[in-house]
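Undergrad: There's a structure below that I have some questions on.
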Amino acid sequence: MVSYFHHFVSSLGKGFSFAHPWFLLGLLLLPFLSLLKGRFAGMPSLSFSSLSLLGNRGSRTRSRWGAFSASLFYLAIALLIIALARPQFGETIEHVRASGVDIMLVLDVSGSMSTEDYTIGNQAASRLEAVKQVTEQFIEARPNDRIGIIAFAGRPYLVSPITLDHQWLIDNLNRVQLGLVEDGTAIGSALASAAARLKNREAKTKLIVLLTDGANNAGKIMPLTAAEAAKSLGIRIYTIGAGSSGPITLPLKDRFGRVFPQTVIFDFDEKLLADIAHLGSGKYFRAADSASLRETFQEIDRLEKSKIEIEKNVNHQDFFWWFLAVGTFLIFLDVVLSQTWLRKLP
């Protein structure tokens, strides 16, 4: 009994509910029951012309006990009604299963990504800084997807394998910077590397999101060849063309480490990215500024909605018998008192 009581007390911090709450409507009948009992009570057996003869002969204590007996009866009925409603303490545990969507984010980190034609908080920002910020928001918006990151310039390198540990993924994304590999834009090699990471995955949906601001000018694999191979593996490809078109100004360093701006012609192969997306049964997006870049990732998020499975385990403990036991005891006590101490004369 003591252990059950301790379990009852400890369960108070968990969810409380009634299995059959409609029985609680019976509590509303108690005031009417009391009213009816008082109105249709039996007539007195003895009649007096005046109560002054009795004076203070009646016992106030016995009178109070009579009121107590009535309260005892209605309390017992209330407890029995609550027992019928079947009060429960417990909790529902949810297990979220993975969504079945695996995504490889393929990000360009070539030298042109240092161009400051984006904004963050009304401040000029490089393409890479803006891409990292929006990519982080995209990752946070898909907590149940397995995501990996490949960065590329003259060749691709793995930033993070496919994982559900998104905080670890974001930490590695924040470490991405320019100049970690030789410069260039190896789009085909980057696509092939991402497809290889997704090849043996058992996910129902496999995606590559490729973001670049240039044209393929490095690597040994042609982009359309890599896209065809990815398509054969059931991988869908979305492509994003980042940055403004036309001449761009790059912050370059001389041999003494001094930074100076230099204007170069922007070599952007928009048709190639559109063809890659078409081959990969995806879609091509143009993200010329910060707003369009955010909208692009939001659109991809809408197009590839995750379908998650939630398994619920309900663990409830019934405590109706506490109310049943106390209510039954109070009725028994009321019967005993009415036949002994509170017995009425006919």
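Chain labels A, B, ... are given in the sequence in which chains occur in the structure tokens; within each chain residues are numbered consecutively from 1, and ligands are likewise numbered from 1 in the order shown.
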Can you list, as a list in words, every residue of range 169-268 of chain A that DSSP puts in strand (DSSP E)?
TA: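 So the strand (DSSP E) residues in range 169-268 of chain A would be Thr205, Lys206, Leu207, Ile208, Val209, Leu210, Leu211, Thr212, Ile235, Arg236, Ile237, Tyr238, Thr239, Ile240, Gly241, Ala242, Ile248, Thr249, Leu250, Pro251, Leu252, Lys253, Val259, Phe260, Pro261, Gln262, Thr263 and Val264 of chain A.
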Undergrad: Out of range 104-345 of chain A, which residues get alpha helix (DSSP H) from DSSP, as an mmCIF file with N, CA and C atoms, in the first residue's frame?
TA:
```cif
data_model
loop_
_atom_site.group_PDB
_atom_site.id
_atom_site.type_symbol
_atom_site.label_atom_id
_atom_site.label_comp_id
_atom_site.auth_asym_id
_atom_site.auth_seq_id
_atom_site.Cartn_x
_atom_site.Cartn_y
_atom_site.Cartn_z
ATOM 1 N N ARG A 127 29.415 36.215 -50.874
ATOM 2 C CA ARG A 127 28.496 35.155 -51.292
ATOM 3 C C ARG A 127 28.611 33.955 -50.348
ATOM 4 N N LEU A 128 29.821 33.622 -49.970
ATOM 5 C CA LEU A 128 30.009 32.467 -49.098
ATOM 6 C C LEU A 128 29.350 32.685 -47.740
ATOM 7 N N GLU A 129 29.506 33.888 -47.158
ATOM 8 C CA GLU A 129 28.890 34.172 -45.851
ATOM 9 C C GLU A 129 27.374 34.064 -45.935
ATOM 10 N N ALA A 130 26.782 34.600 -47.004
ATOM 11 C CA ALA A 130 25.324 34.541 -47.165
ATOM 12 C C ALA A 130 24.855 33.107 -47.368
ATOM 13 N N VAL A 131 25.594 32.346 -48.175
ATOM 14 C CA VAL A 131 25.230 30.954 -48.438
ATOM 15 C C VAL A 131 25.298 30.135 -47.154
ATOM 16 N N LYS A 132 26.319 30.341 -46.346
ATOM 17 C CA LYS A 132 26.444 29.595 -45.091
ATOM 18 C C LYS A 132 25.283 29.914 -44.150
ATOM 19 N N GLN A 133 24.892 31.190 -44.089
ATOM 20 C CA GLN A 133 23.782 31.567 -43.202
ATOM 21 C C GLN A 133 22.471 30.931 -43.647
ATOM 22 N N VAL A 134 22.157 31.005 -44.946
ATOM 23 C CA VAL A 134 20.902 30.458 -45.451
ATOM 24 C C VAL A 134 20.911 28.927 -45.395
ATOM 25 N N THR A 135 22.070 28.330 -45.646
ATOM 26 C CA THR A 135 22.181 26.871 -45.552
ATOM 27 C C THR A 135 21.921 26.403 -44.126
ATOM 28 N N GLU A 136 22.427 27.131 -43.155
ATOM 29 C CA GLU A 136 22.183 26.782 -41.749
ATOM 30 C C GLU A 136 20.691 26.829 -41.435
ATOM 31 N N GLN A 137 20.003 27.854 -41.930
ATOM 32 C CA GLN A 137 18.558 27.956 -41.712
ATOM 33 C C GLN A 137 17.815 26.797 -42.371
ATOM 34 N N PHE A 138 18.279 26.383 -43.539
ATOM 35 C CA PHE A 138 17.672 25.255 -44.241
ATOM 36 C C PHE A 138 17.840 23.968 -43.434
ATOM 37 N N ILE A 139 19.018 23.776 -42.875
ATOM 38 C CA ILE A 139 19.289 22.588 -42.060
ATOM 39 C C ILE A 139 18.392 22.572 -40.828
ATOM 40 N N GLU A 140 18.277 23.717 -40.152
ATOM 41 C CA GLU A 140 17.463 23.796 -38.943
ATOM 42 C C GLU A 140 15.983 23.558 -39.233
ATOM 43 N N HIS A 166 22.465 17.444 -36.501
ATOM 44 C CA HIS A 166 22.508 18.698 -37.236
ATOM 45 C C HIS A 166 23.369 19.766 -36.568
ATOM 46 N N GLN A 167 23.507 19.716 -35.267
ATOM 47 C CA GLN A 167 24.375 20.687 -34.606
ATOM 48 C C GLN A 167 25.827 20.454 -35.020
ATOM 49 N N TRP A 168 26.235 19.207 -35.073
ATOM 50 C CA TRP A 168 27.584 18.867 -35.530
ATOM 51 C C TRP A 168 27.752 19.276 -36.994
ATOM 52 N N LEU A 169 26.696 19.099 -37.778
ATOM 53 C CA LEU A 169 26.710 19.481 -39.188
ATOM 54 C C LEU A 169 26.910 20.991 -39.337
ATOM 55 N N ILE A 170 26.175 21.769 -38.550
ATOM 56 C CA ILE A 170 26.290 23.231 -38.618
ATOM 57 C C ILE A 170 27.660 23.696 -38.141
ATOM 58 N N ASP A 171 28.183 23.055 -37.102
ATOM 59 C CA ASP A 171 29.524 23.416 -36.624
ATOM 60 C C ASP A 171 30.559 23.233 -37.735
ATOM 61 N N ASN A 172 30.451 22.162 -38.489
ATOM 62 C CA ASN A 172 31.385 21.927 -39.592
ATOM 63 C C ASN A 172 31.141 22.898 -40.746
ATOM 64 N N LEU A 173 29.884 23.250 -40.977
ATOM 65 C CA LEU A 173 29.574 24.243 -42.015
ATOM 66 C C LEU A 173 30.233 25.579 -41.690
ATOM 67 N N ASN A 174 30.200 25.967 -40.417
ATOM 68 C CA ASN A 174 30.785 27.254 -40.021
ATOM 69 C C ASN A 174 32.299 27.282 -40.201
ATOM 70 N N ILE A 187 32.440 21.407 -61.039
ATOM 71 C CA ILE A 187 31.041 21.054 -60.809
ATOM 72 C C ILE A 187 30.804 19.561 -61.017
ATOM 73 N N GLY A 188 31.345 18.998 -62.105
ATOM 74 C CA GLY A 188 31.130 17.585 -62.402
ATOM 75 C C GLY A 188 31.679 16.675 -61.323
ATOM 76 N N SER A 189 32.902 16.974 -60.847
ATOM 77 C CA SER A 189 33.507 16.154 -59.796
ATOM 78 C C SER A 189 32.723 16.254 -58.495
ATOM 79 N N ALA A 190 32.209 17.458 -58.191
ATOM 80 C CA ALA A 190 31.430 17.651 -56.967
ATOM 81 C C ALA A 190 30.128 16.860 -57.024
ATOM 82 N N LEU A 191 29.457 16.872 -58.176
ATOM 83 C CA LEU A 191 28.225 16.093 -58.330
ATOM 84 C C LEU A 191 28.496 14.597 -58.191
ATOM 85 N N ALA A 192 29.575 14.136 -58.807
ATOM 86 C CA ALA A 192 29.911 12.717 -58.730
ATOM 87 C C ALA A 192 30.215 12.307 -57.294
ATOM 88 N N SER A 193 30.921 13.165 -56.557
ATOM 89 C CA SER A 193 31.245 12.861 -55.163
ATOM 90 C C SER A 193 29.973 12.784 -54.309
ATOM 91 N N ALA A 194 29.038 13.712 -54.529
ATOM 92 C CA ALA A 194 27.781 13.702 -53.771
ATOM 93 C C ALA A 194 26.954 12.461 -54.110
ATOM 94 N N ALA A 195 26.914 12.103 -55.401
ATOM 95 C CA ALA A 195 26.150 10.918 -55.811
ATOM 96 C C ALA A 195 26.736 9.656 -55.189
ATOM 97 N N ALA A 196 28.075 9.594 -55.079
ATOM 98 C CA ALA A 196 28.721 8.433 -54.467
ATOM 99 C C ALA A 196 28.335 8.307 -52.998
ATOM 100 N N ARG A 197 28.161 9.435 -52.324
ATOM 101 C CA ARG A 197 27.750 9.418 -50.911
ATOM 102 C C ARG A 197 26.308 8.935 -50.749
ATOM 103 N N LEU A 198 25.475 9.173 -51.746
ATOM 104 C CA LEU A 198 24.065 8.788 -51.666
ATOM 105 C C LEU A 198 23.796 7.420 -52.286
ATOM 106 N N PRO A 223 30.000 17.687 -66.023
ATOM 107 C CA PRO A 223 28.802 17.845 -65.180
ATOM 108 C C PRO A 223 27.589 17.052 -65.646
ATOM 109 N N LEU A 224 27.293 17.045 -66.954
ATOM 110 C CA LEU A 224 26.107 16.328 -67.434
ATOM 111 C C LEU A 224 26.282 14.819 -67.305
ATOM 112 N N THR A 225 27.515 14.348 -67.421
ATOM 113 C CA THR A 225 27.785 12.924 -67.216
ATOM 114 C C THR A 225 27.501 12.541 -65.764
ATOM 115 N N ALA A 226 27.953 13.401 -64.843
ATOM 116 C CA ALA A 226 27.706 13.160 -63.417
ATOM 117 C C ALA A 226 26.215 13.218 -63.104
ATOM 118 N N ALA A 227 25.501 14.137 -63.762
ATOM 119 C CA ALA A 227 24.063 14.259 -63.538
ATOM 120 C C ALA A 227 23.329 13.021 -64.041
ATOM 121 N N GLU A 228 23.742 12.481 -65.174
ATOM 122 C CA GLU A 228 23.145 11.247 -65.712
ATOM 123 C C GLU A 228 23.367 10.084 -64.755
ATOM 124 N N ALA A 229 24.574 9.998 -64.199
ATOM 125 C CA ALA A 229 24.871 8.922 -63.256
ATOM 126 C C ALA A 229 24.017 9.051 -61.997
ATOM 127 N N ALA A 230 23.864 10.273 -61.514
ATOM 128 C CA ALA A 230 23.026 10.494 -60.319
ATOM 129 C C ALA A 230 21.580 10.119 -60.597
ATOM 130 N N LYS A 231 21.091 10.457 -61.787
ATOM 131 C CA LYS A 231 19.716 10.122 -62.155
ATOM 132 C C LYS A 231 19.507 8.611 -62.158
ATOM 133 N N SER A 232 20.491 7.860 -62.653
ATOM 134 C CA SER A 232 20.379 6.409 -62.696
ATOM 135 C C SER A 232 20.324 5.798 -61.298
ATOM 136 N N GLU A 270 24.638 29.550 -66.852
ATOM 137 C CA GLU A 270 23.281 29.326 -66.360
ATOM 138 C C GLU A 270 22.607 28.165 -67.091
ATOM 139 N N LYS A 271 22.891 28.023 -68.386
ATOM 140 C CA LYS A 271 22.284 26.931 -69.160
ATOM 141 C C LYS A 271 22.729 25.565 -68.635
ATOM 142 N N LEU A 272 24.001 25.472 -68.228
ATOM 143 C CA LEU A 272 24.500 24.203 -67.703
ATOM 144 C C LEU A 272 23.735 23.800 -66.442
ATOM 145 N N LEU A 273 23.535 24.750 -65.533
ATOM 146 C CA LEU A 273 22.817 24.431 -64.296
ATOM 147 C C LEU A 273 21.365 24.045 -64.569
ATOM 148 N N ALA A 274 20.745 24.694 -65.538
ATOM 149 C CA ALA A 274 19.372 24.341 -65.900
ATOM 150 C C ALA A 274 19.321 22.930 -66.496
ATOM 151 N N ASP A 275 20.307 22.588 -67.320
ATOM 152 C CA ASP A 275 20.341 21.243 -67.921
ATOM 153 C C ASP A 275 20.586 20.168 -66.856
ATOM 154 N N ILE A 276 21.452 20.473 -65.889
ATOM 155 C CA ILE A 276 21.713 19.510 -64.803
ATOM 156 C C ILE A 276 20.435 19.245 -64.014
ATOM 157 N N ALA A 277 19.706 20.313 -63.678
ATOM 158 C CA ALA A 277 18.457 20.167 -62.927
ATOM 159 C C ALA A 277 17.415 19.395 -63.732
ATOM 160 N N HIS A 278 17.363 19.646 -65.049
ATOM 161 C CA HIS A 278 16.404 18.942 -65.905
ATOM 162 C C HIS A 278 16.726 17.449 -65.957
ATOM 163 N N LEU A 279 18.002 17.129 -66.113
ATOM 164 C CA LEU A 279 18.409 15.722 -66.123
ATOM 165 C C LEU A 279 18.111 15.042 -64.795
ATOM 166 N N SER A 290 20.397 38.324 -51.587
ATOM 167 C CA SER A 290 20.121 37.614 -50.337
ATOM 168 C C SER A 290 18.668 37.167 -50.246
ATOM 169 N N ALA A 291 17.753 38.030 -50.664
ATOM 170 C CA ALA A 291 16.326 37.699 -50.573
ATOM 171 C C ALA A 291 15.992 36.499 -51.453
ATOM 172 N N SER A 292 16.459 36.526 -52.700
ATOM 173 C CA SER A 292 16.152 35.413 -53.605
ATOM 174 C C SER A 292 16.852 34.132 -53.171
ATOM 175 N N LEU A 293 18.009 34.246 -52.530
ATOM 176 C CA LEU A 293 18.695 33.059 -52.032
ATOM 177 C C LEU A 293 17.876 32.399 -50.921
ATOM 178 N N ARG A 294 17.352 33.200 -49.988
ATOM 179 C CA ARG A 294 16.498 32.655 -48.923
ATOM 180 C C ARG A 294 15.241 32.030 -49.502
ATOM 181 N N GLU A 295 14.623 32.710 -50.471
ATOM 182 C CA GLU A 295 13.405 32.184 -51.084
ATOM 183 C C GLU A 295 13.670 30.875 -51.817
ATOM 184 N N THR A 296 14.863 30.751 -52.409
ATOM 185 C CA THR A 296 15.214 29.522 -53.117
ATOM 186 C C THR A 296 15.264 28.336 -52.166
ATOM 187 N N PHE A 297 15.950 28.479 -51.048
ATOM 188 C CA PHE A 297 16.033 27.385 -50.085
ATOM 189 C C PHE A 297 14.672 27.081 -49.473
ATOM 190 N N GLN A 298 13.852 28.107 -49.272
ATOM 191 C CA GLN A 298 12.503 27.889 -48.747
ATOM 192 C C GLN A 298 11.646 27.131 -49.762
ATOM 193 N N GLU A 299 11.826 27.438 -51.048
ATOM 194 C CA GLU A 299 11.070 26.746 -52.087
ATOM 195 C C GLU A 299 11.482 25.280 -52.177
ATOM 196 N N ILE A 300 12.766 24.997 -52.072
ATOM 197 C CA ILE A 300 13.232 23.605 -52.077
ATOM 198 C C ILE A 300 12.667 22.866 -50.864
ATOM 199 N N ASP A 301 12.632 23.558 -49.734
ATOM 200 C CA ASP A 301 12.071 22.959 -48.520
ATOM 201 C C ASP A 301 10.603 22.603 -48.719
ATOM 202 N N ARG A 302 9.852 23.458 -49.413
ATOM 203 C CA ARG A 302 8.432 23.193 -49.665
ATOM 204 C C ARG A 302 8.251 22.055 -50.679
ATOM 205 N N LEU A 303 9.132 22.024 -51.688
ATOM 206 C CA LEU A 303 9.012 20.997 -52.719
ATOM 207 C C LEU A 303 9.334 19.607 -52.196
ATOM 208 N N PHE A 320 -8.378 5.085 -10.109
ATOM 209 C CA PHE A 320 -9.793 5.223 -9.746
ATOM 210 C C PHE A 320 -10.130 4.475 -8.456
ATOM 211 N N TRP A 321 -9.380 3.410 -8.175
ATOM 212 C CA TRP A 321 -9.711 2.601 -7.003
ATOM 213 C C TRP A 321 -9.450 3.344 -5.697
ATOM 214 N N TRP A 322 -8.565 4.363 -5.725
ATOM 215 C CA TRP A 322 -8.397 5.217 -4.536
ATOM 216 C C TRP A 322 -9.725 5.912 -4.215
ATOM 217 N N PHE A 323 -10.330 6.514 -5.234
ATOM 218 C CA PHE A 323 -11.603 7.216 -5.044
ATOM 219 C C PHE A 323 -12.714 6.232 -4.696
ATOM 220 N N LEU A 324 -12.697 5.054 -5.345
ATOM 221 C CA LEU A 324 -13.701 4.037 -5.059
ATOM 222 C C LEU A 324 -13.596 3.557 -3.619
ATOM 223 N N ALA A 325 -12.374 3.330 -3.168
ATOM 224 C CA ALA A 325 -12.165 2.826 -1.807
ATOM 225 C C ALA A 325 -12.588 3.859 -0.766
ATOM 226 N N VAL A 326 -12.145 5.141 -0.973
ATOM 227 C CA VAL A 326 -12.485 6.186 0.004
ATOM 228 C C VAL A 326 -13.984 6.453 -0.007
ATOM 229 N N GLY A 327 -14.607 6.494 -1.201
ATOM 230 C CA GLY A 327 -16.044 6.732 -1.286
ATOM 231 C C GLY A 327 -16.841 5.630 -0.615
ATOM 232 N N THR A 328 -16.445 4.367 -0.843
ATOM 233 C CA THR A 328 -17.127 3.230 -0.204
ATOM 234 C C THR A 328 -16.980 3.288 1.311
ATOM 235 N N PHE A 329 -15.767 3.642 1.784
ATOM 236 C CA PHE A 329 -15.544 3.746 3.227
ATOM 237 C C PHE A 329 -16.427 4.828 3.842
ATOM 238 N N LEU A 330 -16.568 5.975 3.166
ATOM 239 C CA LEU A 330 -17.385 7.058 3.708
ATOM 240 C C LEU A 330 -18.863 6.665 3.773
ATOM 241 N N ILE A 331 -19.343 5.915 2.780
ATOM 242 C CA ILE A 331 -20.731 5.441 2.834
ATOM 243 C C ILE A 331 -20.918 4.461 4.003
ATOM 244 N N PHE A 332 -19.942 3.574 4.183
ATOM 245 C CA PHE A 332 -19.992 2.637 5.299
ATOM 246 C C PHE A 332 -19.982 3.390 6.627
ATOM 247 N N LEU A 333 -19.148 4.427 6.738
ATOM 248 C CA LEU A 333 -19.067 5.222 7.964
ATOM 249 C C LEU A 333 -20.385 5.937 8.219
ATOM 250 N N ASP A 334 -20.993 6.465 7.148
ATOM 251 C CA ASP A 334 -22.263 7.168 7.294
ATOM 252 C C ASP A 334 -23.353 6.209 7.784
ATOM 253 N N VAL A 335 -23.369 4.987 7.267
ATOM 254 C CA VAL A 335 -24.362 3.990 7.691
ATOM 255 C C VAL A 335 -24.152 3.619 9.149
ATOM 256 N N VAL A 336 -22.899 3.407 9.553
ATOM 257 C CA VAL A 336 -22.603 3.043 10.943
ATOM 258 C C VAL A 336 -23.030 4.156 11.889
ATOM 259 N N LEU A 337 -22.688 5.428 11.544
ATOM 260 C CA LEU A 337 -23.035 6.558 12.410
ATOM 261 C C LEU A 337 -24.548 6.740 12.498
ATOM 262 N N SER A 338 -25.238 6.545 11.356
ATOM 263 C CA SER A 338 -26.692 6.740 11.362
ATOM 264 C C SER A 338 -27.413 5.681 12.194
ATOM 265 N N GLN A 339 -26.762 4.518 12.443
ATOM 266 C CA GLN A 339 -27.380 3.471 13.222
ATOM 267 C C GLN A 339 -26.895 3.451 14.675
#
```
Undergrad: What does the distance from CA of Ser160 in chain A to CA of Ser244 in chain A come to in Å, to one decimal?
TA: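 Those two atoms sit 28.3 Å apart.
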Undergrad: When you look at range 106-112 of chain A with a cut-off of 6 Å (counting only C-alpha atoms), what residues show up, excluding the ones that are within fewer than 3 positions of it in the same chain? I need them as an MDAnalysis selection string.
TA: chainID A and resid 115 149:153 178 183:184 209:212
Undergrad: Could you state the separation of CA of Ala19 in chain A and CA of Arg86 in chain A in Å, given to one decimal place?
TA: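 Answer for the CA of Ala19 in chain A to CA of Arg86 in chain A separation: 5.3 Å.
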Undergrad: One decimal, in Å: what's the spacing between CA of Val101 in chain A and CA of Phe285 in chain A?
TA: 20.8 Å
Undergrad: Would you list the contacts of Leu28 in chain A as an MDAnalysis selection string, taking every protein, DNA or RNA residue within 12 Å and counting only C-alpha atoms, but skipping same-chain residues closer than 2 positions in sequence?
TA: chainID A and resid 22:26 30:34 74 77:78 81:82
Undergrad: For each of A:Thr163, A:Ser114, A:Thr239, A:Ser281, take the minimum atom-to-atom distance to Arg146 in chain A, counting only C-alpha atoms, then give the residue where this is smallest.
TA: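 Closest candidate: A:Thr163.
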Undergrad: Quick one: of A:Ala203, A:Ile103, A:Phe268, A:Val159, who's nearest to Arg142 in chain A, counting only C-alpha atoms?
TA: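 For Arg142 in chain A, the nearest of the candidates is A:Ile103.
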Undergrad: At a cut-off of 9 Å, using only C-alpha atoms, what residues contact Gly234 in chain A? Leave out same-chain residues fewer than 4 positions from it and give the result as a compact mmCIF listing (two decimals) with C-alpha atoms, in the first residue's frame.
TA:
```txt
# COMPACT_ATOMS: atom_id res chain seq x y z
CA LYS A 199 24.56 5.68 -53.81
CA THR A 205 14.11 10.18 -51.39
CA LYS A 206 17.68 11.19 -52.22
CA LEU A 207 18.53 14.78 -53.14
CA ALA A 230 23.03 10.49 -60.32
CA GLY A 280 18.08 15.23 -62.38
```
